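Structure, as structure tokens:
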Amino acid sequence: MTFTDVAPLSPRQAQLLDGWLPGAEIVRDHGWGLVATTVLEIVHDGHRLIVKAGG
């Protein structure tokens with residue numbers, strides 16, 4: 001799954017994340033779907049990270 005496959009992200013947010021974290025793998029979406037915030041658990045370059053994006 002790529003950042004562009006995640007519906008809550010705007011196209012610009014997905015583009016920025018693809019540029020900052022190329023090849024990152026989305027492990028899980030931790031968002032609750034209640035507010036305009038996306039919280040993703042990812043793996044990039046062997047590190048587990050949390051990415052949070054606002055609406």
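Scheme for the structure tokens: letters A, B, ... for chains in order shown; per-chain residue numbers from 1; ligand numbers from 1 in order shown.
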- Residue set, chain A restricted to strand (DSSP E or B), as a ChimeraX atom specification: /A:25-29,37-44,47-54
- Message: Could you list, as a list in words, every residue within 12 Å of Arg28 (chain A), counting only C-alpha atoms and ignoring same-chain residues fewer than 2 positions away?
- Response: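 Using only C-alpha atoms, the neighbours found are Met1, Thr2, Phe3, Val6, Glu25, Ile26, His30, Gly31, Trp32, Thr38, Val39, Leu40, Glu41, Ile42, Val43, Arg48, Leu49, Ile50 and Val51 of chain A.
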- Query: Do you have the CA of Leu17 (chain A)-CA of Gly54 (chain A) distance handy?
  - Reply: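 Rounded to one decimal, the two atoms are 13.1 Å apart.
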- Filtered DSSP result for chain A, state helix (DSSP H, G or I), as a PyMOL selection string: chain A and resi 3-5+11-20
What does the file look like for those residues with C-alpha atoms, as a short mmCIF file (atom, residue, chain, number, x, y, z; two decimals), in the first residue's frame?
data_model
loop_
_atom_site.label_atom_id
_atom_site.label_comp_id
_atom_site.auth_asym_id
_atom_site.auth_seq_id
_atom_site.Cartn_x
_atom_site.Cartn_y
_atom_site.Cartn_z
CA PHE A 3 0.44 6.82 0.59
CA THR A 4 -1.67 7.59 -2.49
CA ASP A 5 -3.83 4.53 -1.63
CA PRO A 11 -3.08 14.28 -2.89
CA ARG A 12 -0.58 16.91 -1.65
CA GLN A 13 -0.05 15.11 1.68
CA ALA A 14 0.52 11.80 -0.13
CA GLN A 15 2.98 13.47 -2.52
CA LEU A 16 4.96 14.99 0.37
CA LEU A 17 5.12 11.71 2.30
CA ASP A 18 6.20 9.81 -0.82
CA GLY A 19 9.00 12.37 -1.24
CA TRP A 20 10.08 12.38 2.40
#
